[in-house]
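Engineer: What follows is run.cif, mmCIF, C-alpha atoms (C1' of nucleotides).
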```cif
data_entry
#
loop_
_atom_site.label_atom_id
_atom_site.label_comp_id
_atom_site.auth_asym_id
_atom_site.auth_seq_id
_atom_site.Cartn_x
_atom_site.Cartn_y
_atom_site.Cartn_z
CA MET A 1 64.63 -7.09 64.82
CA THR A 2 68.40 -7.27 65.30
CA ASP A 3 68.94 -8.62 61.82
CA PRO A 4 70.84 -5.95 59.93
CA GLY A 5 69.86 -7.44 56.58
CA PRO A 6 71.90 -7.10 53.44
CA HIS A 7 71.91 -3.34 53.74
CA ALA A 8 74.34 -3.29 56.59
CA MET A 9 76.93 -4.38 54.08
CA THR A 10 79.17 -2.45 51.77
CA PRO A 11 77.75 -0.50 48.81
CA GLU A 12 79.83 -2.58 46.38
CA PRO A 13 78.29 -5.71 44.92
CA MET A 14 78.51 -8.47 47.49
CA ARG A 15 81.06 -11.18 46.83
CA GLY A 16 79.87 -14.71 46.29
CA ASP A 17 80.83 -15.83 49.77
CA ALA A 18 79.08 -12.86 51.36
CA ILE A 19 75.90 -13.91 49.56
CA VAL A 20 76.33 -17.47 50.73
CA ALA A 21 76.78 -16.25 54.31
CA LEU A 22 73.70 -14.05 54.00
CA LEU A 23 71.56 -16.94 52.80
CA ARG A 24 72.86 -19.22 55.54
CA ALA A 25 72.19 -16.56 58.16
CA HIS A 26 68.58 -16.61 57.05
CA GLY A 27 68.28 -20.37 57.15
CA ILE A 28 68.38 -20.80 53.38
CA THR A 29 70.51 -23.49 51.75
CA PRO A 30 72.72 -21.63 49.27
CA THR A 31 72.23 -23.48 46.01
CA TYR A 32 73.58 -22.34 42.67
CA GLN A 33 70.22 -20.91 41.56
CA ARG A 34 69.60 -19.07 44.81
CA VAL A 35 73.04 -17.51 44.83
CA GLN A 36 72.59 -16.34 41.24
CA ILE A 37 69.29 -14.72 42.10
CA ALA A 38 70.47 -13.18 45.37
CA GLN A 39 73.66 -11.89 43.73
CA PHE A 40 71.55 -10.00 41.24
CA LEU A 41 68.93 -8.77 43.71
CA PHE A 42 71.42 -7.25 46.13
CA GLU A 43 73.54 -5.43 43.62
CA ARG A 44 71.45 -2.45 44.58
CA ASP A 45 68.06 -1.48 45.97
CA GLN A 46 65.50 -2.25 43.30
CA HIS A 47 61.90 -3.16 42.65
CA LEU A 48 61.64 -6.14 40.34
CA SER A 49 58.96 -8.48 39.10
CA ALA A 50 59.69 -12.20 38.95
CA ASP A 51 59.86 -11.97 35.18
CA GLN A 52 62.45 -9.21 35.29
CA VAL A 53 64.56 -11.27 37.68
CA LEU A 54 64.27 -14.30 35.41
CA GLU A 55 65.37 -12.33 32.39
CA SER A 56 68.28 -10.57 34.07
CA VAL A 57 69.63 -13.62 35.84
CA ASN A 58 69.54 -15.71 32.71
CA ALA A 59 71.06 -12.93 30.61
CA ARG A 60 74.22 -13.43 32.66
CA HIS A 61 74.87 -17.11 32.43
CA ALA A 62 71.53 -18.76 32.58
CA GLY A 63 70.42 -22.04 34.00
CA VAL A 64 67.55 -20.89 36.18
CA SER A 65 63.98 -21.81 35.32
CA LYS A 66 60.93 -19.62 35.65
CA ALA A 67 59.38 -21.75 38.40
CA THR A 68 62.56 -21.61 40.43
CA VAL A 69 62.68 -17.84 40.21
CA TYR A 70 59.11 -17.62 41.50
CA ASN A 71 59.70 -20.14 44.26
CA THR A 72 62.99 -18.57 45.28
CA LEU A 73 61.56 -15.06 45.46
CA GLY A 74 58.73 -16.41 47.60
CA LEU A 75 61.24 -18.16 49.84
CA PHE A 76 63.40 -15.04 50.20
CA ALA A 77 60.33 -13.01 51.08
CA ASP A 78 59.22 -15.54 53.70
CA LYS A 79 62.65 -15.49 55.27
CA GLY A 80 62.71 -11.69 55.34
CA LEU A 81 65.50 -11.19 52.83
CA ILE A 82 63.33 -9.19 50.48
CA ARG A 83 59.91 -7.60 50.66
CA GLU A 84 56.85 -8.32 48.56
CA VAL A 85 55.13 -5.21 47.27
CA ILE A 86 51.51 -5.53 46.18
CA ALA A 87 50.82 -2.45 44.11
CA ASP A 88 50.32 -3.49 40.52
CA PRO A 89 47.34 -5.77 39.94
CA ALA A 90 49.25 -7.48 37.15
CA ARG A 91 52.34 -8.64 39.03
CA VAL A 92 54.03 -8.80 42.39
CA PHE A 93 57.16 -6.72 42.91
CA TYR A 94 60.04 -7.71 45.13
CA ASP A 95 61.94 -4.97 46.90
CA SER A 96 65.55 -5.68 47.81
CA ASN A 97 65.36 -2.94 50.44
CA THR A 98 63.67 -4.27 53.55
CA HIS A 99 64.10 -1.16 55.65
CA PRO A 100 60.76 0.40 56.60
CA HIS A 101 59.57 2.67 53.83
CA HIS A 102 56.63 3.21 51.53
CA HIS A 103 56.02 3.46 47.80
CA ILE A 104 54.85 5.62 44.97
CA PHE A 105 53.38 3.56 42.15
CA ASP A 106 53.49 5.08 38.67
CA MET A 107 50.33 3.71 37.08
CA ASP A 108 51.41 4.68 33.57
CA ARG A 109 54.82 3.06 33.65
CA GLY A 110 54.03 0.34 36.16
CA THR A 111 57.08 1.23 38.25
CA LEU A 112 57.72 1.78 41.94
CA GLN A 113 59.66 4.45 43.76
CA ASP A 114 60.59 4.56 47.42
CA ILE A 115 59.29 7.06 49.91
CA PRO A 116 61.18 7.46 53.17
CA ALA A 117 59.04 6.16 55.99
CA THR A 118 59.42 9.57 57.61
CA ASP A 119 57.57 11.26 54.76
CA VAL A 120 54.39 9.46 55.73
CA THR A 121 52.91 9.35 59.17
CA VAL A 122 50.46 6.66 60.07
CA GLY A 123 48.63 7.72 63.21
CA THR A 124 46.21 5.74 65.30
CA LEU A 125 45.78 2.15 64.29
CA PRO A 126 42.37 0.64 64.85
CA THR A 127 41.78 -2.24 67.21
CA LEU A 128 42.66 -5.46 65.44
CA PRO A 129 40.49 -8.56 65.21
CA GLU A 130 41.09 -11.03 68.08
CA GLY A 131 44.36 -12.92 67.97
CA MET A 132 45.58 -11.13 64.88
CA VAL A 133 48.95 -9.55 64.59
CA VAL A 134 50.19 -6.85 62.23
CA GLU A 135 52.47 -8.28 59.58
CA GLY A 136 53.06 -4.94 57.90
CA VAL A 137 51.57 -1.59 57.01
CA ASP A 138 51.76 -0.70 53.35
CA VAL A 139 51.21 2.81 52.10
CA ILE A 140 50.99 3.16 48.34
CA ILE A 141 50.54 6.46 46.59
CA ARG A 142 49.17 5.92 43.11
CA VAL A 143 50.19 8.59 40.63
CA ARG A 144 49.67 9.08 36.93
CA ARG A 145 49.78 11.65 34.18
CA PRO A 146 46.45 13.51 34.13
CA ARG A 147 44.19 12.37 31.29
CA MET B 1 33.89 15.78 44.61
CA THR B 2 30.21 16.70 44.52
CA ASP B 3 29.23 13.28 43.34
CA PRO B 4 27.35 11.70 46.22
CA GLY B 5 27.76 8.21 44.77
CA PRO B 6 25.44 5.36 45.51
CA HIS B 7 25.87 5.85 49.24
CA ALA B 8 23.76 8.94 49.38
CA MET B 9 20.82 6.67 48.73
CA THR B 10 18.58 4.73 51.03
CA PRO B 11 19.83 1.70 52.97
CA GLU B 12 17.27 -0.53 51.23
CA PRO B 13 18.31 -2.28 48.05
CA MET B 14 18.13 0.15 45.16
CA ARG B 15 15.27 -0.34 42.80
CA GLY B 16 16.02 -1.18 39.19
CA ASP B 17 15.31 2.32 37.98
CA ALA B 18 17.55 3.84 40.64
CA ILE B 19 20.39 1.63 39.38
CA VAL B 20 19.68 2.68 35.81
CA ALA B 21 19.79 6.32 36.86
CA LEU B 22 23.02 5.79 38.75
CA LEU B 23 24.70 4.19 35.74
CA ARG B 24 23.47 6.95 33.42
CA ALA B 25 24.71 9.60 35.83
CA HIS B 26 28.16 8.10 35.49
CA GLY B 27 28.05 7.94 31.71
CA ILE B 28 27.48 4.22 31.55
CA THR B 29 24.91 2.70 29.21
CA PRO B 30 22.65 0.59 31.40
CA THR B 31 22.58 -2.77 29.71
CA TYR B 32 21.00 -5.89 31.17
CA GLN B 33 24.33 -7.30 32.33
CA ARG B 34 25.51 -4.07 33.90
CA VAL B 35 22.30 -3.56 35.79
CA GLN B 36 22.44 -7.11 37.15
CA ILE B 37 25.99 -6.56 38.36
CA ALA B 38 25.33 -3.10 39.80
CA GLN B 39 22.16 -4.29 41.50
CA PHE B 40 24.16 -6.89 43.32
CA LEU B 41 27.15 -4.69 44.14
CA PHE B 42 25.13 -1.94 45.73
CA GLU B 43 22.96 -4.08 47.93
CA ARG B 44 25.45 -3.23 50.61
CA ASP B 45 29.07 -2.18 51.14
CA GLN B 46 31.23 -5.16 50.30
CA HIS B 47 34.61 -6.28 49.05
CA LEU B 48 34.28 -8.76 46.23
CA SER B 49 36.52 -10.44 43.72
CA ALA B 50 35.39 -10.68 40.12
CA ASP B 51 34.80 -14.38 40.59
CA GLN B 52 32.56 -13.83 43.59
CA VAL B 53 30.53 -11.33 41.60
CA LEU B 54 30.24 -13.75 38.71
CA GLU B 55 29.01 -16.51 40.96
CA SER B 56 26.52 -14.42 42.89
CA VAL B 57 25.07 -12.66 39.89
CA ASN B 58 24.58 -15.87 37.98
CA ALA B 59 23.13 -17.63 41.03
CA ARG B 60 20.20 -15.24 40.70
CA HIS B 61 19.15 -15.58 37.15
CA ALA B 62 22.31 -15.88 35.17
CA GLY B 63 23.18 -14.79 31.69
CA VAL B 64 26.39 -12.92 32.39
CA SER B 65 29.73 -14.24 31.20
CA LYS B 66 32.99 -14.17 33.06
CA ALA B 67 34.64 -11.74 30.64
CA THR B 68 31.74 -9.35 30.95
CA VAL B 69 31.98 -9.35 34.72
CA TYR B 70 35.66 -8.49 34.51
CA ASN B 71 35.13 -5.81 31.90
CA THR B 72 32.17 -4.34 33.72
CA LEU B 73 33.95 -4.15 37.04
CA GLY B 74 36.84 -2.43 35.28
CA LEU B 75 34.42 0.00 33.67
CA PHE B 76 32.67 0.76 36.95
CA ALA B 77 36.03 1.37 38.62
CA ASP B 78 37.13 3.72 35.81
CA LYS B 79 33.93 5.68 36.13
CA GLY B 80 34.27 5.96 39.88
CA LEU B 81 31.30 3.81 40.83
CA ILE B 82 33.41 1.33 42.74
CA ARG B 83 36.98 1.19 43.94
CA GLU B 84 39.69 -1.29 43.05
CA VAL B 85 41.59 -2.60 46.05
CA ILE B 86 45.00 -4.12 45.43
CA ALA B 87 45.80 -6.07 48.55
CA ASP B 88 45.78 -9.76 47.70
CA PRO B 89 48.40 -10.79 45.17
CA ALA B 90 46.01 -13.46 43.87
CA ARG B 91 43.05 -11.30 42.91
CA VAL B 92 41.72 -7.77 42.69
CA PHE B 93 38.92 -6.77 45.04
CA TYR B 94 36.22 -4.28 44.21
CA ASP B 95 34.84 -2.16 47.01
CA SER B 96 31.30 -0.87 46.61
CA ASN B 97 32.07 1.85 49.14
CA THR B 98 33.94 4.67 47.44
CA HIS B 99 34.09 6.98 50.42
CA PRO B 100 37.67 7.63 51.54
CA HIS B 101 38.79 4.87 53.87
CA HIS B 102 41.50 2.26 54.25
CA HIS B 103 41.73 -1.48 54.68
CA ILE B 104 42.82 -4.30 56.90
CA PHE B 105 43.75 -7.38 54.91
CA ASP B 106 43.44 -10.74 56.65
CA MET B 107 46.25 -12.76 55.07
CA ASP B 108 44.90 -16.05 56.39
CA ARG B 109 41.37 -15.67 55.14
CA GLY B 110 42.08 -13.41 52.18
CA THR B 111 39.40 -10.96 53.24
CA LEU B 112 39.21 -7.20 53.60
CA GLN B 113 37.81 -5.02 56.33
CA ASP B 114 37.30 -1.28 56.29
CA ILE B 115 39.13 1.18 58.46
CA PRO B 116 37.66 4.66 58.84
CA ALA B 117 39.94 7.15 57.11
CA THR B 118 40.15 8.99 60.41
CA ASP B 119 41.85 6.05 62.11
CA VAL B 120 44.89 6.56 59.91
CA THR B 121 46.71 9.81 59.41
CA VAL B 122 48.93 10.26 56.41
CA GLY B 123 51.18 13.21 57.05
CA THR B 124 53.61 14.90 54.68
CA LEU B 125 53.51 13.66 51.14
CA PRO B 126 56.75 13.73 49.21
CA THR B 127 57.25 15.83 46.13
CA LEU B 128 55.80 13.99 43.18
CA PRO B 129 57.55 13.32 39.87
CA GLU B 130 57.02 16.07 37.27
CA GLY B 131 53.54 16.24 35.79
CA MET B 132 52.21 13.44 37.93
CA VAL B 133 49.05 13.64 39.89
CA VAL B 134 47.87 11.60 42.86
CA GLU B 135 45.16 9.16 41.86
CA GLY B 136 44.78 7.75 45.36
CA VAL B 137 46.52 6.87 48.58
CA ASP B 138 46.05 3.30 49.73
CA VAL B 139 46.85 2.19 53.24
CA ILE B 140 46.72 -1.54 53.82
CA ILE B 141 47.34 -3.14 57.17
CA ARG B 142 48.27 -6.77 56.73
CA VAL B 143 47.32 -8.98 59.65
CA ARG B 144 47.47 -12.67 60.34
CA ARG B 145 47.37 -15.22 63.11
CA PRO B 146 50.87 -15.57 64.57
CA ARG B 147 52.67 -18.71 63.36
"C1'" DT C 1 69.42 -46.73 52.06
"C1'" DT C 2 66.23 -43.26 52.90
"C1'" DG C 3 63.81 -38.94 53.79
"C1'" DG C 4 63.59 -34.20 53.41
"C1'" DG C 5 64.92 -30.62 50.26
"C1'" DT C 6 65.39 -28.68 45.48
"C1'" DG C 7 64.42 -27.41 40.65
"C1'" DC C 8 61.48 -27.34 36.96
"C1'" DA C 9 57.82 -28.96 33.30
"C1'" DA C 10 53.38 -28.87 33.16
"C1'" DA C 11 49.07 -27.35 34.95
"C1'" DC C 12 46.26 -23.79 36.68
"C1'" DT C 13 43.62 -19.58 36.97
"C1'" DA C 14 42.87 -14.60 37.00
"C1'" DT C 15 42.54 -11.36 33.49
"C1'" DT C 16 42.71 -9.41 28.66
"C1'" DT C 17 41.87 -9.34 23.81
"C1'" DG C 18 39.76 -9.70 19.27
"C1'" DC C 19 35.88 -9.86 16.95
"C1'" DA C 20 30.97 -10.95 15.73
"C1'" DT C 21 26.85 -8.79 17.07
"C1'" DT C 22 23.92 -5.16 18.60
"C1'" DC C 23 22.47 -0.57 19.34
"C1'" DG C 24 21.61 4.32 18.80
"C1'" DA C 25 21.57 8.17 15.64
"C1'" DT D 1 22.52 2.84 7.03
"C1'" DC D 2 26.65 3.11 9.66
"C1'" DG D 3 30.00 3.84 13.24
"C1'" DA D 4 30.57 3.06 17.98
"C1'" DA D 5 29.63 0.25 21.86
"C1'" DT D 6 28.89 -4.26 23.90
"C1'" DG D 7 29.43 -9.15 25.39
"C1'" DC D 8 31.88 -13.15 25.31
"C1'" DA D 9 34.95 -17.29 23.54
"C1'" DA D 10 39.32 -17.90 23.20
"C1'" DA D 11 43.97 -16.52 24.19
"C1'" DT D 12 47.33 -14.80 27.39
"C1'" DA D 13 50.43 -14.47 31.23
"C1'" DG D 14 51.53 -14.62 36.08
"C1'" DT D 15 51.90 -18.03 39.45
"C1'" DT D 16 51.52 -22.71 41.69
"C1'" DT D 17 51.86 -27.62 41.89
"C1'" DG D 18 53.45 -32.35 41.53
"C1'" DC D 19 57.02 -35.10 40.96
"C1'" DA D 20 61.79 -36.85 39.57
"C1'" DC D 21 66.20 -36.20 41.31
"C1'" DC D 22 69.77 -35.31 44.60
"C1'" DC D 23 72.21 -35.19 48.84
"C1'" DA D 24 73.25 -35.59 53.78
"C1'" DA D 25 72.73 -38.71 57.52
#
```
What would you get if you wrote out this structure as C-alpha cells?
Structural biologist:
Amino acid sequence: MTDPGPHAMTPEPMRGDAIVALLRAHGITPTYQRVQIAQFLFERDQHLSADQVLESVNARHAGVSKATVYNTLGLFADKGLIREVIADPARVFYDSNTHPHHHIFDMDRGTLQDIPATDVTVGTLPTLPEGMVVEGVDVIIRVRRPR
Amino acid sequence: MTDPGPHAMTPEPMRGDAIVALLRAHGITPTYQRVQIAQFLFERDQHLSADQVLESVNARHAGVSKATVYNTLGLFADKGLIREVIADPARVFYDSNTHPHHHIFDMDRGTLQDIPATDVTVGTLPTLPEGMVVEGVDVIIRVRRPR
DNA sequence: TTGGGTGCAAACTATTTGCATTCGA
DNA sequence: TCGAATGCAAATAGTTTGCACCCAA
C-alpha cells in the first residue's frame, strides 16, 4: 500500500511521459491505445462506463476499438490503476479515484457521486469463510426522486 | 414498514393459496407463471439469478419463458417482494429475504452470503442531493482466495 | 525465428422491448 | 365490448473471446 497512485501527482492534466511512467510503474506496457485511454481517465476524478470512455477517447483523435477499451479498463482495474464500481445493473463504472471512499448512486440519472470514506463507518466485520480474503468493501447508497 | 413480508410465515413451503394471497397483498395479479416463480422463490431464503430461476422453475413443470422470468422478477422487486442485489457485474441476483441485511460476495464462485445487518454499522450519512430520497444502502464485502 | 503480448471483429449472453393475446369490468 | 395487463419472440446492448499481427529476444 505504498503506491501513491495517480493522485499523488499534480492537478494539471498529466503529460504524456508521466502517463507512460505511471503505466510502466504498474507493470503495463504503454501502447498507443492505453496511453490515450489513461490520458483521458486521469484528467480528473470521474466515474465512467466503458462506452463513455470509448466515445470520449475517439472524439479526440480516434483509433481505439470498443473491445480494446473494455479490455484496457479491465487491465487497469486488475493492476489497481482504477477501480471498478458495481452499482448500476446495466453497466460497470470505472472510477479514476482509487483512494478509499464510497458512492451515492442516482437511480434516475444512472450517475455516481463520491462519499468520503469518513462519512460512512463500517463496524464489525463478520468472520470470513476459510481461506478467503477481503478484496474490498463497497458501500452504495441508492437514491432517487420520490415517486 | 408494517409489511411482514413472506418471512412472517411458517418455515414450511407456502401452500399455493398462501402464495396467491401474498401476491394479491402486494398488488400483483396472481397468474400461473407468477405463482410458479413465487412458489419456488419463497421455499427458502436464497440468492438467485434470473437464469437460475428459469431453470429451476421449468425443471418442475415448465411453461414459463425467459422474458417472463425477467419481467416477473423485476415486478416482484418493484413491489417489494424480493430484493435486487447488484454485486456481480455479470448478472443481477434476487434475494428472497427482504429483511435488512448485507452481503458477502465470493468473487471466485460468484455466490452471495448474508451478513446480519447488525454486523455492519453505517454511521453518518452525507447530505443528499436536493429532493433525493434514500432507496437503500447496500454494503457488499468482496472476498476471494488470495492469488 | 519464435513466443508471448496486443488489438479488434465477431460472437456471446443477460436483459429489454414491442406487440399479439388474454383478462377483468 | 373495450381498455389495461400479461407473456413471450425477437431485438438490443454490454461484455468476452479467438485469432491475426507485431515485436523483443
Engineer: Write out as an MDAnalysis selection string every residue belonging to chain C that has an atom at most 12 Å from any atom of chain A, counting only C-alpha atoms (C1' of nucleotides).
Structural biologist: chainID C and resid 5:10 14:16
Engineer: Give me the residues near DA11 in chain C as a CSV table (one decimal) with C-alpha atoms (C1' of nucleotides), keeping the file's coordinate frame, where near means some atom within 10 Å (using only C-alpha atoms (C1' of nucleotides)) and where sequence neighbours in that chain fewer than 6 positions away do not count.
Structural biologist:
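Below is the file result.csv, written as the result:
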```
chain,number,residue,atom,x,y,z
D,16,DT,C1',51.5,-22.7,41.7
D,17,DT,C1',51.9,-27.6,41.9
D,18,DG,C1',53.4,-32.4,41.5
```
Engineer: By how many Å are CA of Ile115 in chain A and CA of His103 in chain A apart?
Structural biologist: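 These two atoms are separated by 5.3 Å.
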Engineer: Quick one: which residues end up in the PyMOL selection byres ((chain A and resi 47) around 9) for this structure, as JSON, numbers by chain?
Structural biologist: {"A": [45, 46, 48, 49, 85, 93, 94, 95, 96, 97, 111, 112, 113]}
Engineer: Mind giving me the straight-line distance from CA of Leu75 in chain B to C1' of DC2 in chain D in Å, one decimal?
Structural biologist: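 Atom-to-atom, CA of Leu75 in chain B and C1' of DC2 in chain D are spaced 25.4 Å apart.
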Engineer: Hey, what's within 12 Å of DA20 in chain C if we count all atoms listed in the file and toss same-chain stuff fewer than 5 positions away? As a list in words, please?
Structural biologist: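 The contact residues come out as DT6, DG7, DC8 and DA9 of chain D.
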Engineer: Selected by the PyMOL selection byres ((chain D) within 10 of (chain A)) in the shown coordinates: which residues, as a PyMOL selection string?
Structural biologist: chain D and resi 13-16
Engineer: Please write as number ranges by chain the full residue list that the PyMOL selection byres ((chain B) within 9 of (chain A)) yields on this file.
Structural biologist: B: 85-92, 104, 106-107, 115-116, 118-126, 128-129, 131-146
Engineer: I'd like the neighbourhood of His61 in chain A as a ChimeraX atom specification, where a residue qualifies if any of its atoms comes within 12 Å (using only C-alpha atoms (C1' of nucleotides)), though same-chain residues fewer than 6 positions away should be ignored.
Structural biologist: /A:32-33,36-37,40,54-55
Engineer: Record the distance separating CA of Ala38 in chain A and CA of Arg15 in chain A, expressed in Å with one decimal.
Structural biologist: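 Spanning CA of Ala38 in chain A to CA of Arg15 in chain A is a straight-line distance of 10.9 Å.
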Engineer: Would you give the centre and edge lengths, in Å to one decimal, of a box along x, y and z around the listed atoms of range 5-19 of chain C, with 6 Å added to each side, as lines of an AutoDock Vina configuration file?
Structural biologist:
```
center_x = 50.6
center_y = -20.0
center_z = 33.6
size_x = 41.5
size_y = 33.3
size_z = 45.3
```
